[in-house]
$ cat input.cif   # mmCIF, C-alpha atoms
data_my_file
loop_
_atom_site.label_atom_id
_atom_site.label_comp_id
_atom_site.auth_asym_id
_atom_site.auth_seq_id
_atom_site.Cartn_x
_atom_site.Cartn_y
_atom_site.Cartn_z
CA MET N 184 -70.07 141.83 -145.32
CA THR N 185 -66.54 143.18 -145.03
CA GLN N 186 -65.38 146.63 -146.14
CA LYS N 187 -62.51 147.06 -148.55
CA GLY N 188 -59.16 147.63 -146.88
CA SER N 189 -60.57 147.06 -143.42
CA MET N 190 -60.24 143.34 -143.18
CA LYS N 191 -58.33 140.75 -145.11
CA PRO N 192 -60.18 137.69 -146.30
CA VAL N 193 -59.76 134.86 -143.87
CA LYS N 194 -58.35 131.71 -145.38
CA LYS N 195 -59.86 128.49 -144.22
CA LYS N 196 -57.36 126.31 -142.49
CA THR N 197 -56.99 122.89 -143.98
CA GLU N 198 -57.77 120.29 -141.39
CA GLU N 199 -54.81 118.03 -140.87
CA PRO N 200 -55.52 114.40 -140.18
CA GLU N 201 -55.08 113.55 -136.53
CA LEU N 202 -52.27 111.13 -135.81
CA GLU N 203 -53.20 107.96 -134.03
CA PRO N 204 -51.80 107.76 -130.51
CA LEU N 205 -48.77 105.54 -130.12
CA CYS N 206 -48.91 102.43 -128.01
CA CYS N 207 -46.20 101.71 -125.45
CA CYS N 208 -44.03 99.82 -127.97
CA GLU N 209 -44.41 102.14 -130.97
CA TYR N 210 -42.27 105.15 -131.80
CA ILE N 211 -41.41 107.60 -134.55
CA ASP N 212 -37.98 106.74 -135.92
CA ARG N 213 -35.31 109.11 -137.18
CA ASN N 214 -36.83 109.00 -140.68
CA GLY N 215 -40.16 110.27 -139.35
CA GLU N 216 -41.90 106.95 -139.87
CA LYS N 217 -43.95 104.97 -137.40
CA ASN N 218 -42.14 101.88 -136.18
CA HIS N 219 -42.47 99.11 -133.59
CA MET N 220 -39.97 97.67 -131.14
CA ALA N 221 -40.70 94.14 -132.36
CA SER N 222 -39.27 95.06 -135.76
CA CYS N 223 -36.00 96.42 -134.40
CA LEU N 224 -34.00 93.83 -136.35
CA CYS N 225 -35.91 94.26 -139.60
CA ASP N 226 -35.10 96.46 -142.59
CA CYS N 227 -31.59 97.31 -141.50
CA GLN N 228 -29.64 97.44 -144.73
CA ASP N 229 -26.58 99.07 -143.16
CA LEU N 230 -26.32 96.39 -140.47
CA ASP N 231 -26.78 93.57 -143.00
CA GLU N 232 -24.14 95.03 -145.28
CA GLY N 233 -21.75 95.49 -142.35
CA CYS N 234 -22.23 91.88 -141.21
CA ASP N 235 -21.62 90.61 -144.73
CA ARG N 236 -18.37 92.55 -144.97
CA TRP N 237 -17.25 91.31 -141.55
CA ILE N 238 -17.98 87.70 -142.50
CA THR N 239 -16.08 88.04 -145.76
CA CYS N 240 -13.18 89.78 -143.95
CA LYS N 241 -13.66 93.03 -145.86
CA SER N 242 -13.09 96.43 -144.30
CA VAL N 243 -16.08 98.48 -143.22
CA GLN N 244 -16.07 102.16 -144.07
CA PRO N 245 -16.23 104.60 -141.12
CA GLU N 246 -19.37 106.16 -142.61
CA ALA N 247 -21.06 102.75 -142.58
CA CYS N 248 -20.09 102.23 -138.94
CA GLU N 249 -21.59 105.60 -138.02
CA ARG N 250 -24.83 104.74 -139.81
CA ILE N 251 -24.98 101.39 -138.00
CA MET N 252 -24.45 103.07 -134.62
CA ASP N 253 -27.11 105.68 -135.43
CA THR N 254 -29.55 102.94 -136.37
CA ILE N 255 -28.84 100.97 -133.18
CA ALA N 256 -29.18 104.12 -131.06
CA ASP N 257 -32.51 104.94 -132.71
CA ARG N 258 -33.96 101.45 -132.24
CA LEU N 259 -32.71 100.79 -128.73
CA ARG N 260 -35.82 101.74 -126.76
CA ILE N 261 -37.92 100.71 -123.79
CA PRO N 262 -41.74 100.56 -123.64
CA TRP N 263 -43.27 103.74 -122.26
CA LEU N 264 -46.59 105.54 -122.10
CA ARG N 265 -47.50 107.25 -125.39
CA GLY N 266 -44.58 105.72 -127.23
CA ALA N 267 -41.33 103.88 -126.59
CA LYS N 268 -38.51 105.96 -125.15
CA LYS N 269 -35.00 105.99 -126.58
CA VAL N 270 -32.21 104.63 -124.36
CA ASN N 271 -28.82 106.31 -124.52
CA ILE N 272 -26.27 103.65 -125.46
CA SER N 273 -23.50 105.20 -123.37
CA ILE N 274 -25.30 104.43 -120.08
CA ILE N 275 -25.38 100.67 -120.72
CA PRO N 276 -21.67 99.60 -120.58
CA PRO N 277 -21.18 100.55 -116.89
CA LEU N 278 -24.29 98.58 -115.90
CA VAL N 279 -22.87 95.44 -117.47
CA LEU N 280 -19.08 95.76 -117.27
CA LEU N 281 -18.63 97.07 -113.72
CA PRO N 282 -20.20 94.09 -111.87
CA ALA N 283 -18.49 91.66 -114.26
CA PHE N 284 -15.04 93.20 -113.77
CA LEU N 285 -15.38 93.41 -109.99
CA HIS N 286 -16.52 89.78 -109.70
CA VAL N 287 -13.63 88.61 -111.88
CA ALA N 288 -11.20 90.71 -109.83
CA SER N 289 -12.39 89.03 -106.62
CA TRP N 290 -11.36 85.56 -107.84
CA HIS N 291 -7.63 86.05 -107.21
CA PHE N 292 -5.22 88.70 -106.04
CA LEU N 293 -3.40 88.93 -109.40
CA LEU N 294 -6.69 89.24 -111.29
CA GLY N 295 -7.65 92.03 -108.92
CA VAL N 296 -4.42 93.91 -109.64
CA VAL N 297 -4.91 93.58 -113.41
CA VAL N 298 -8.59 94.56 -113.42
CA LEU N 299 -8.31 97.44 -110.98
CA THR N 300 -5.34 98.80 -112.92
CA SER N 301 -7.07 98.52 -116.29
CA LEU N 302 -10.34 100.16 -115.21
CA PRO N 303 -8.88 103.69 -114.74
CA VAL N 304 -6.89 103.29 -117.95
CA LEU N 305 -10.01 102.38 -119.93
CA ALA N 306 -11.98 105.21 -118.34
CA LEU N 307 -9.25 107.75 -119.21
CA TRP N 308 -9.03 106.42 -122.76
CA TYR N 309 -12.77 106.80 -123.24
CA TYR N 310 -12.67 110.27 -121.70
CA TYR N 311 -9.99 111.53 -124.09
CA LEU N 312 -11.77 109.86 -127.00
CA THR N 313 -15.05 111.67 -126.35
CA HIS N 314 -13.33 114.89 -125.25
CA ARG N 315 -11.34 115.07 -128.47
CA ARG N 316 -14.51 114.62 -130.52
CA LYS N 317 -16.37 117.18 -128.36
CA GLU N 318 -19.20 114.72 -127.84
CA GLN N 319 -21.64 114.61 -124.96
CA THR N 320 -21.72 111.26 -123.18
CA ARG N 321 -23.63 109.90 -120.22
CA PHE N 322 -21.10 107.12 -119.67
CA PHE N 323 -19.41 108.74 -116.68
CA LEU N 324 -22.68 109.90 -115.14
CA SER N 325 -23.99 106.34 -115.45
CA LEU N 326 -20.71 104.95 -114.10
CA GLY N 327 -20.79 107.27 -111.09
CA LEU N 328 -24.42 106.67 -110.17
CA PHE N 329 -24.23 102.92 -110.72
CA SER N 330 -20.99 102.72 -108.73
CA LEU N 331 -22.73 104.41 -105.79
CA GLY N 332 -25.68 102.04 -106.01
CA TYR N 333 -23.60 98.90 -106.51
CA MET N 334 -21.16 99.69 -103.69
CA TYR N 335 -24.12 100.25 -101.38
CA TYR N 336 -25.69 96.98 -102.53
CA VAL N 337 -22.49 95.01 -101.85
CA PHE N 338 -22.23 96.69 -98.46
CA LEU N 339 -25.77 95.61 -97.55
CA GLN N 340 -25.37 92.07 -98.90
CA GLU N 341 -21.82 91.19 -97.84
CA VAL N 342 -20.74 93.51 -95.00
CA VAL N 343 -23.81 94.25 -92.89
CA PRO N 344 -24.75 90.55 -92.31
CA LYS N 345 -21.39 89.95 -90.59
CA GLY N 346 -22.72 91.87 -87.58
CA ARG N 347 -19.98 94.46 -87.18
CA VAL N 348 -22.02 97.38 -88.54
CA GLY N 349 -24.63 98.84 -86.19
CA PRO N 350 -27.96 100.45 -87.16
CA ALA N 351 -26.66 103.94 -86.41
CA GLN N 352 -23.62 103.46 -88.64
CA LEU N 353 -25.81 102.10 -91.44
CA ALA N 354 -28.17 105.07 -91.06
CA VAL N 355 -25.28 107.54 -91.31
CA LEU N 356 -23.97 105.86 -94.46
CA THR N 357 -27.45 105.80 -96.00
CA CYS N 358 -27.99 109.49 -95.22
CA GLY N 359 -24.64 110.27 -96.82
CA LEU N 360 -25.69 108.42 -99.97
CA PHE N 361 -28.94 110.37 -100.25
CA LEU N 362 -27.13 113.65 -99.61
CA ILE N 363 -24.74 112.83 -102.47
CA LEU N 364 -27.68 112.24 -104.81
CA PHE N 365 -29.33 115.48 -103.71
CA ALA N 366 -26.12 117.46 -104.21
CA LEU N 367 -25.65 115.89 -107.65
CA TYR N 368 -29.23 116.84 -108.52
CA ARG N 369 -28.48 120.43 -107.54
CA ALA N 370 -25.22 120.38 -109.49
CA LYS N 371 -27.03 119.11 -112.59
CA ARG N 372 -29.24 122.19 -112.68
CA ASN N 373 -28.64 125.25 -114.83
CA PRO N 374 -24.96 126.20 -114.39
CA GLY N 375 -25.65 129.75 -115.56
CA TYR N 376 -26.48 129.54 -119.24
CA LEU N 377 -26.48 132.83 -121.11
CA SER N 378 -29.70 133.36 -123.02
CA SER N 379 -29.52 134.40 -126.64
CA PRO N 380 -30.59 137.92 -127.61
CA ALA N 381 -33.79 136.58 -129.18
CA ASN N 382 -34.99 135.30 -125.80
CA VAL N 383 -34.11 138.38 -123.77
CA ASP N 384 -36.82 140.78 -122.62
CA ARG N 385 -36.30 144.04 -124.45
CA SER N 386 -37.19 146.42 -121.68
CA LEU N 387 -34.93 149.35 -122.55
CA SER N 388 -36.32 152.63 -123.75
CA SER N 389 -35.83 153.59 -127.37
CA SER N 390 -33.43 156.42 -126.47
CA GLN N 391 -31.22 154.07 -124.41
CA THR N 392 -31.19 151.49 -127.17
CA GLU N 393 -30.37 154.04 -129.88
CA CYS N 394 -27.61 155.66 -127.83
CA LEU N 395 -26.02 152.33 -126.91
CA TYR N 396 -26.31 151.09 -130.47
CA ARG N 397 -24.56 154.19 -131.91
CA LYS N 398 -21.66 153.85 -129.50
CA GLY N 399 -21.40 150.08 -129.81
CA GLN N 400 -21.58 150.05 -133.60
CA ASP N 401 -18.19 151.71 -133.94
CA ARG N 402 -16.68 149.14 -131.57
CA THR N 403 -18.20 146.09 -133.22
CA LYS N 404 -17.25 146.78 -136.84
CA ALA N 405 -14.07 144.79 -136.32
CA PHE N 406 -15.88 141.45 -136.21
CA PRO N 407 -18.59 139.98 -138.43
CA GLY N 408 -22.03 139.17 -137.20
CA ALA N 409 -22.24 141.85 -134.53
CA GLU N 410 -24.47 144.15 -136.58
CA THR N 411 -26.96 141.38 -137.23
CA SER N 412 -27.69 140.77 -133.57
CA GLY N 413 -30.57 143.11 -132.85
CA GLY N 414 -30.64 142.46 -129.12
CA LEU N 415 -26.92 142.49 -128.48
CA ASN N 416 -26.68 145.77 -126.62
CA ASN N 417 -29.96 145.20 -124.81
CA ARG N 418 -28.72 141.94 -123.40
CA THR N 419 -25.41 143.42 -122.40
CA LEU N 420 -26.89 146.32 -120.50
CA LYS N 421 -29.61 144.28 -118.85
CA GLU N 422 -27.66 141.21 -117.83
CA ASP N 423 -24.22 142.71 -117.29
CA PRO N 424 -24.06 146.45 -116.62
CA LYS N 425 -20.29 146.23 -116.22
CA GLY N 426 -20.09 144.30 -119.47
CA SER N 427 -21.71 147.14 -121.40
CA SER N 428 -19.13 149.63 -120.19
CA ARG N 429 -16.47 147.03 -120.93
CA MET N 430 -17.79 146.77 -124.46
CA LEU N 431 -17.87 150.49 -125.04
CA ALA N 432 -14.52 151.23 -123.46
CA GLY N 433 -12.65 148.15 -124.69
CA SER N 434 -10.64 147.81 -127.84
CA PRO N 435 -12.21 146.24 -130.96
CA ALA N 436 -9.91 143.23 -130.55
CA LYS N 437 -11.17 142.64 -127.01
CA VAL N 438 -14.78 143.03 -128.10
CA LYS N 439 -14.16 140.51 -130.85
CA GLU N 440 -12.71 138.08 -128.30
CA ASP N 441 -15.78 138.40 -126.07
CA TRP N 442 -18.21 138.01 -128.94
CA CYS N 443 -19.61 134.48 -129.35
CA ALA N 444 -20.45 133.86 -132.99
CA LYS N 445 -22.31 130.62 -132.23
CA CYS N 446 -24.59 132.03 -129.53
CA GLN N 447 -24.73 135.48 -131.18
CA LEU N 448 -24.12 137.40 -127.95
CA LEU N 449 -21.46 139.37 -126.16
CA ARG N 450 -20.17 137.40 -123.20
CA PRO N 451 -19.71 139.10 -119.82
CA ALA N 452 -16.41 138.79 -117.98
CA ARG N 453 -15.30 135.21 -117.19
CA ALA N 454 -18.04 133.61 -119.29
CA TRP N 455 -17.10 131.10 -121.96
CA HIS N 456 -18.66 128.97 -124.66
CA CYS N 457 -18.77 125.23 -123.99
CA ARG N 458 -18.23 123.36 -127.23
CA ILE N 459 -19.73 120.18 -125.74
CA CYS N 460 -22.94 121.74 -124.41
CA GLY N 461 -23.06 124.23 -127.29
CA VAL N 462 -23.94 127.24 -125.11
CA CYS N 463 -22.20 130.03 -123.20
CA VAL N 464 -21.96 129.73 -119.42
CA ARG N 465 -21.44 132.47 -116.84
CA ARG N 466 -18.13 132.14 -114.99
CA MET N 467 -17.54 128.79 -116.59
CA ASP N 468 -15.11 126.60 -114.66
CA HIS N 469 -15.09 123.43 -116.76
CA HIS N 470 -17.31 120.81 -118.34
CA CYS N 471 -17.60 117.93 -115.90
CA VAL N 472 -18.23 114.51 -117.44
CA TRP N 473 -19.29 113.08 -114.05
CA ILE N 474 -22.44 115.21 -114.06
CA ASN N 475 -22.64 115.54 -117.87
CA SER N 476 -22.93 119.31 -117.52
CA CYS N 477 -20.87 122.45 -117.17
CA VAL N 478 -19.76 123.82 -113.81
CA GLY N 479 -20.52 127.51 -113.77
CA GLU N 480 -21.72 130.38 -111.66
CA SER N 481 -25.04 128.84 -110.59
CA ASN N 482 -23.97 125.28 -109.73
CA HIS N 483 -20.32 125.60 -108.65
CA GLN N 484 -21.23 125.59 -104.96
CA ALA N 485 -23.39 122.47 -105.36
CA PHE N 486 -20.56 120.79 -107.25
CA ILE N 487 -18.10 121.46 -104.41
CA LEU N 488 -20.69 120.27 -101.87
CA ALA N 489 -21.25 117.03 -103.81
CA LEU N 490 -17.50 116.35 -103.87
CA LEU N 491 -17.16 117.01 -100.15
CA ILE N 492 -20.10 114.77 -99.17
CA PHE N 493 -18.86 112.01 -101.48
CA LEU N 494 -15.37 112.05 -99.96
CA LEU N 495 -16.74 111.89 -96.42
CA THR N 496 -19.27 109.17 -97.20
CA SER N 497 -16.84 107.09 -99.25
CA GLY N 498 -14.16 107.29 -96.57
CA TYR N 499 -16.68 106.27 -93.90
CA GLY N 500 -17.90 103.31 -95.97
CA ILE N 501 -14.34 102.15 -96.66
CA THR N 502 -13.53 102.33 -92.95
CA LEU N 503 -16.61 100.29 -91.96
CA THR N 504 -15.91 97.63 -94.58
CA LEU N 505 -12.24 97.19 -93.71
CA ASP N 506 -13.08 97.07 -90.01
CA THR N 507 -15.47 94.20 -90.77
CA ILE N 508 -13.39 92.03 -93.11
CA CYS N 509 -9.95 92.83 -91.62
CA ARG N 510 -10.49 93.06 -87.90
CA ASP N 511 -7.99 94.46 -85.40
CA ARG N 512 -6.06 96.32 -88.10
CA SER N 513 -5.87 99.97 -88.98
CA VAL N 514 -7.43 101.15 -92.21
CA PHE N 515 -4.14 101.86 -93.92
CA THR N 516 -2.63 98.53 -92.87
CA ALA N 517 -5.73 96.57 -93.90
CA LEU N 518 -5.62 98.08 -97.39
CA PHE N 519 -2.22 96.55 -98.10
CA TYR N 520 -2.13 93.58 -95.72
CA CYS N 521 -5.26 91.59 -94.96
CA PRO N 522 -4.41 87.86 -94.64
CA GLY N 523 -7.03 85.36 -95.70
CA VAL N 524 -9.25 87.90 -97.41
CA TYR N 525 -9.36 85.85 -100.64
CA ALA N 526 -10.21 82.61 -98.79
CA ASN N 527 -13.87 83.67 -98.71
CA TYR N 528 -15.60 84.93 -101.85
CA SER N 529 -17.77 87.33 -99.85
CA SER N 530 -14.82 89.02 -98.17
CA ALA N 531 -12.85 88.97 -101.45
CA LEU N 532 -15.66 90.81 -103.26
CA SER N 533 -15.92 93.32 -100.43
CA PHE N 534 -12.15 93.88 -100.45
CA THR N 535 -12.18 94.37 -104.24
CA CYS N 536 -14.99 96.91 -103.95
CA VAL N 537 -13.00 98.70 -101.24
CA TRP N 538 -10.04 99.11 -103.55
CA TYR N 539 -12.31 100.23 -106.38
CA SER N 540 -13.80 102.84 -104.03
CA VAL N 541 -10.32 103.93 -102.98
CA ILE N 542 -9.32 104.53 -106.62
CA ILE N 543 -12.45 106.59 -107.30
CA THR N 544 -12.06 108.47 -104.01
CA VAL N 545 -8.43 109.39 -104.71
CA GLY N 546 -9.44 110.75 -108.13
CA MET N 547 -12.28 112.80 -106.64
CA ALA N 548 -9.98 114.03 -103.85
CA TYR N 549 -7.55 115.36 -106.47
CA ILE N 550 -10.38 117.20 -108.25
CA PHE N 551 -11.57 118.57 -104.90
CA LEU N 552 -8.05 119.78 -104.03
CA ILE N 553 -7.67 121.55 -107.38
CA GLN N 554 -11.05 123.19 -106.89
CA LEU N 555 -10.13 124.44 -103.43
CA ILE N 556 -6.87 125.90 -104.75
CA ASN N 557 -8.62 127.61 -107.67
CA ILE N 558 -11.27 129.10 -105.39
CA SER N 559 -8.59 130.37 -103.01
CA TYR N 560 -6.87 132.17 -105.90
CA ASN N 561 -10.16 133.16 -107.58
CA VAL N 562 -9.43 131.46 -110.88
CA THR N 563 -11.49 129.04 -112.90
CA GLU N 564 -10.15 125.90 -114.52
CA ARG N 565 -10.80 127.46 -117.91
CA GLU N 566 -8.68 130.49 -116.98
CA VAL N 567 -5.93 128.22 -115.66
CA GLN N 568 -5.73 126.30 -118.93
CA GLN N 569 -5.72 129.51 -120.94
CA ALA N 570 -2.98 131.00 -118.75
CA LEU N 571 -0.85 127.87 -119.17
CA ARG N 572 -1.22 127.96 -122.95
CA GLN N 573 -0.42 131.66 -123.18
CA LYS N 574 2.24 131.43 -120.42
CA THR N 575 0.73 134.38 -118.57
CA GLY N 576 0.07 132.80 -115.15
CA ARG N 577 2.36 132.40 -112.18
CA ARG N 578 3.01 128.71 -111.48
CA LEU N 579 3.61 127.45 -107.95
CA LEU N 580 4.28 123.96 -106.52
CA CYS N 581 5.24 122.43 -109.87
CA GLY N 582 2.17 123.81 -111.60
CA LEU N 583 -0.34 122.62 -109.02
CA ILE N 584 -1.17 126.27 -108.31
CA VAL N 585 -1.64 128.74 -111.16
CA ASP N 586 -2.29 132.35 -110.20
CA THR N 587 -3.38 134.62 -113.04
CA GLY N 588 -3.52 137.61 -110.68
CA GLN N 589 -6.44 139.10 -112.57
CA TYR N 590 -9.22 138.46 -110.06
CA ASN N 591 -7.25 137.48 -106.97
CA ARG N 592 -8.27 139.75 -104.07
CA GLY N 593 -6.98 137.69 -101.14
CA LEU N 594 -8.08 134.44 -99.58
CA LEU N 595 -11.01 135.73 -97.53
CA ARG N 596 -12.46 137.96 -100.24
CA ASN N 597 -12.08 135.20 -102.82
CA TRP N 598 -14.01 132.74 -100.67
CA HIS N 599 -16.61 135.38 -99.84
CA GLN N 600 -17.17 135.97 -103.55
CA PHE N 601 -17.48 132.24 -104.13
CA SER N 602 -20.03 131.90 -101.31
CA THR N 603 -22.23 134.51 -102.98
CA LEU N 604 -22.15 133.04 -106.48
CA GLY N 605 -25.57 132.83 -108.07
CA THR N 606 -27.30 134.76 -105.27
CA ARG N 607 -26.70 138.33 -106.35
CA ALA N 608 -24.80 140.31 -108.96
CA PHE N 609 -21.21 140.68 -107.83
CA HIS N 610 -19.77 144.11 -108.56
CA HIS N 611 -16.18 143.80 -109.60
CA PRO N 612 -13.67 146.55 -108.85
CA ALA N 613 -12.87 148.93 -111.68
CA GLU N 614 -9.65 147.10 -112.51
CA ASP N 615 -11.56 143.87 -113.11
CA ILE N 616 -13.47 145.41 -116.03
CA VAL N 617 -11.25 144.32 -118.88
#
$ encode --input "input.cif" --output "structure tokens"
Amino acid sequence: MTQKGSMKPVKKKTEEPELEPLCCCEYIDRNGEKNHMASCLCDCQDLDEGCDRWITCKSVQPEACERIMDTIADRLRIPWLRGAKKVNISIIPPLVLLPAFLHVASWHFLLGVVVLTSLPVLALWYYYLTHRRKEQTRFFLSLGLFSLGYMYYVFLQEVVPKGRVGPAQLAVLTCGLFLILFALYRAKRNPGYLSSPANVDRSLSSSQTECLYRKGQDRTKAFPGAETSGGLNNRTLKEDPKGSSRMLAGSPAKVKEDWCAKCQLLRPARAWHCRICGVCVRRMDHHCVWINSCVGESNHQAFILALLIFLLTSGYGITLTLDTICRDRSVFTALFYCPGVYANYSSALSFTCVWYSVIITVGMAYIFLIQLINISYNVTEREVQQALRQKTGRRLLCGLIVDTGQYNRGLLRNWHQFSTLGTRAFHHPAEDIV
């Protein structure tokens, strides 16, 4: 028997019916209904209507095309334990198109020129298309990983059997491939995401919180949404001690600039919001489509390491292949003059893959060079782009080098700071607190 006011009456929970476990080919579709892979072509009104309009030569509305693509993306699945798994459509084109294009390019020299010229153009077009829409895509991650695997497969099938590559050389190339994958795995990890105030441990005392709130309230009246973030000042003091003093001492306009309305937090120095990932990243450099993630404070070193290992491994593989199919010639000469290479389909395919690898390697070498320059001047790619738009940076070598001068402390100190990223809190000089 319960006393009045001491306990509230306990409501009996209604027992919800248990859902039946899904088999390997069943899934819950985007409408919340149970579906089966065998019926992937059934009950698709949008697709039927689109086909009818195509057959009758009528235009299809963009909204209808989006609904068709959403339906295809939802129904494209593979059997898996406890339900079929969805397959991202963007990873499929490289798996199909890359081998087809390379095999066509190996038929004739002119076909090779056309195909190998069009591939970078198509890749750049797709990049700007997705970048303009601020969409996440796994196309380039799939293209990069499949290119590594396919180049290694062609090397094993077409180059190694010719007898010019020894076991030690093959072992070195294989180790380089696995090191690339490991470095990419490290680079794909958390780049330094800033947690929202709701997820931050509120460990400050009440007096500290009240004092910081009183001082910060006057500074944050200039922008909306700041007063509604209960854990704003807690997060600032806990995660970025310098950022809290920057908030209190800075002007309201600067505080408004550092405030992220989407993440509802005050960003520390050099952090930025990625519109593709939808989250703020510490010391954000750029969003890299090749790893489908941002490059920030926690994974910038792994990103540089992955680029370096790729360049060394790719150059070594190109050298071994050209030494096999174009004997007694230097690497540079064999790239542009290798008589009789198209007389044999095996050597033609290997030569085409060499040129494809050269194109990718040159692009990665350019990215690597830009990264080395930015690290030497202690600027991020995001800061470079902002300085170019606002015309505040000092441009050198026709714009290849952009020095903002804000964080540049000399070559050795800049590289020392980069080598300690993600390991400990770096205390900036007083002039860095903006």
$ resolve_selection --input "input.cif" --expression "the PyMOL selection byres ((chain N and resi 513-520) around 10)" --output "number ranges by chain"
N: 501-506, 508-512, 521-524, 534, 537-538, 541
$ atom_distance --input "input.cif" --atom1 "CA of Thr535 (chain N)" --atom2 "CA of Gly346 (chain N)"
19.9 Å
$ atom_distance --input "input.cif" --atom1 "CA of Trp237 (chain N)" --atom2 "CA of Val304 (chain N)"
28.4 Å
$ atom_distance --input "input.cif" --atom1 "CA of Leu339 (chain N)" --atom2 "CA of Val298 (chain N)"
23.4 Å
$ resolve_selection --input "input.cif" --expression "the PyMOL selection byres ((chain N and resi 470-473) around 10)" --output "ChimeraX atom specification"
/N:310,313-314,319-328,367,371,457-460,467-469,474-479,486,564-565
$ closest_residue --input "input.cif" --among "N:Glu232, N:Glu341, N:Glu203, N:Glu318" --to "Asn527 (chain N)" --atoms "all atoms listed in the file"
N:Glu341
$ residues_near_point --input "input.cif" --point "(-27.9, 117.6, -102.3)" --cutoff "12 Å" --atoms "only C-alpha atoms" --output "list of chain:residue names"
N:Cys358, N:Gly359, N:Leu360, N:Phe361, N:Leu362, N:Ile363, N:Leu364, N:Phe365, N:Ala366, N:Leu367, N:Tyr368, N:Arg369, N:Ala370, N:Lys371, N:Arg372, N:Asn482, N:Gln484, N:Ala485, N:Phe486, N:Ile487, N:Leu488, N:Ala489, N:Leu490, N:Leu491, N:Ile492, N:Phe493
$ decode --input "input.cif" --residues "region 339-351 of chain N" --atoms "N, CA, C and O atoms" --output "CSV table (one decimal), in the first residue's frame"
chain,number,residue,atom,x,y,z
N,339,LEU,N,50.6,-8.4,-61.2
N,339,LEU,CA,50.8,-9.8,-60.9
N,339,LEU,C,50.5,-10.6,-62.1
N,339,LEU,O,51.2,-11.7,-62.3
N,340,GLN,N,49.5,-10.3,-62.9
N,340,GLN,CA,49.1,-11.1,-64.0
N,340,GLN,C,49.9,-10.9,-65.3
N,340,GLN,O,50.1,-11.8,-66.1
N,341,GLU,N,50.3,-9.7,-65.5
N,341,GLU,CA,51.0,-9.3,-66.8
N,341,GLU,C,52.5,-9.0,-66.7
N,341,GLU,O,53.2,-9.3,-67.7
N,342,VAL,N,52.9,-8.5,-65.6
N,342,VAL,CA,54.3,-8.1,-65.5
N,342,VAL,C,55.2,-9.2,-64.8
N,342,VAL,O,56.3,-9.5,-65.3
N,343,VAL,N,54.7,-9.7,-63.7
N,343,VAL,CA,55.5,-10.6,-62.9
N,343,VAL,C,55.9,-11.9,-63.7
N,343,VAL,O,57.0,-12.4,-63.7
N,344,PRO,N,54.9,-12.5,-64.5
N,344,PRO,CA,55.2,-13.7,-65.2
N,344,PRO,C,56.3,-13.5,-66.3
N,344,PRO,O,56.9,-14.5,-66.8
N,345,LYS,N,56.7,-12.3,-66.6
N,345,LYS,CA,57.7,-12.1,-67.6
N,345,LYS,C,59.1,-12.4,-67.1
N,345,LYS,O,60.1,-12.4,-67.8
N,346,GLY,N,59.3,-12.5,-65.8
N,346,GLY,CA,60.5,-13.0,-65.2
N,346,GLY,C,61.5,-11.9,-64.8
N,346,GLY,O,62.6,-12.2,-64.4
N,347,ARG,N,61.1,-10.6,-65.0
N,347,ARG,CA,62.1,-9.5,-64.7
N,347,ARG,C,62.0,-9.0,-63.3
N,347,ARG,O,62.8,-8.2,-62.9
N,348,VAL,N,60.9,-9.4,-62.6
N,348,VAL,CA,60.7,-8.9,-61.2
N,348,VAL,C,61.0,-10.0,-60.3
N,348,VAL,O,60.4,-11.1,-60.3
N,349,GLY,N,61.9,-9.7,-59.3
N,349,GLY,CA,62.3,-10.7,-58.4
N,349,GLY,C,61.4,-10.8,-57.2
N,349,GLY,O,60.6,-9.9,-57.0
N,350,PRO,N,61.5,-11.8,-56.3
N,350,PRO,CA,60.7,-12.0,-55.1
N,350,PRO,C,60.9,-10.8,-54.2
N,350,PRO,O,59.9,-10.3,-53.6
N,351,ALA,N,62.1,-10.3,-54.0
N,351,ALA,CA,62.3,-9.2,-53.1
N,351,ALA,C,61.6,-7.9,-53.6
N,351,ALA,O,61.0,-7.2,-52.8
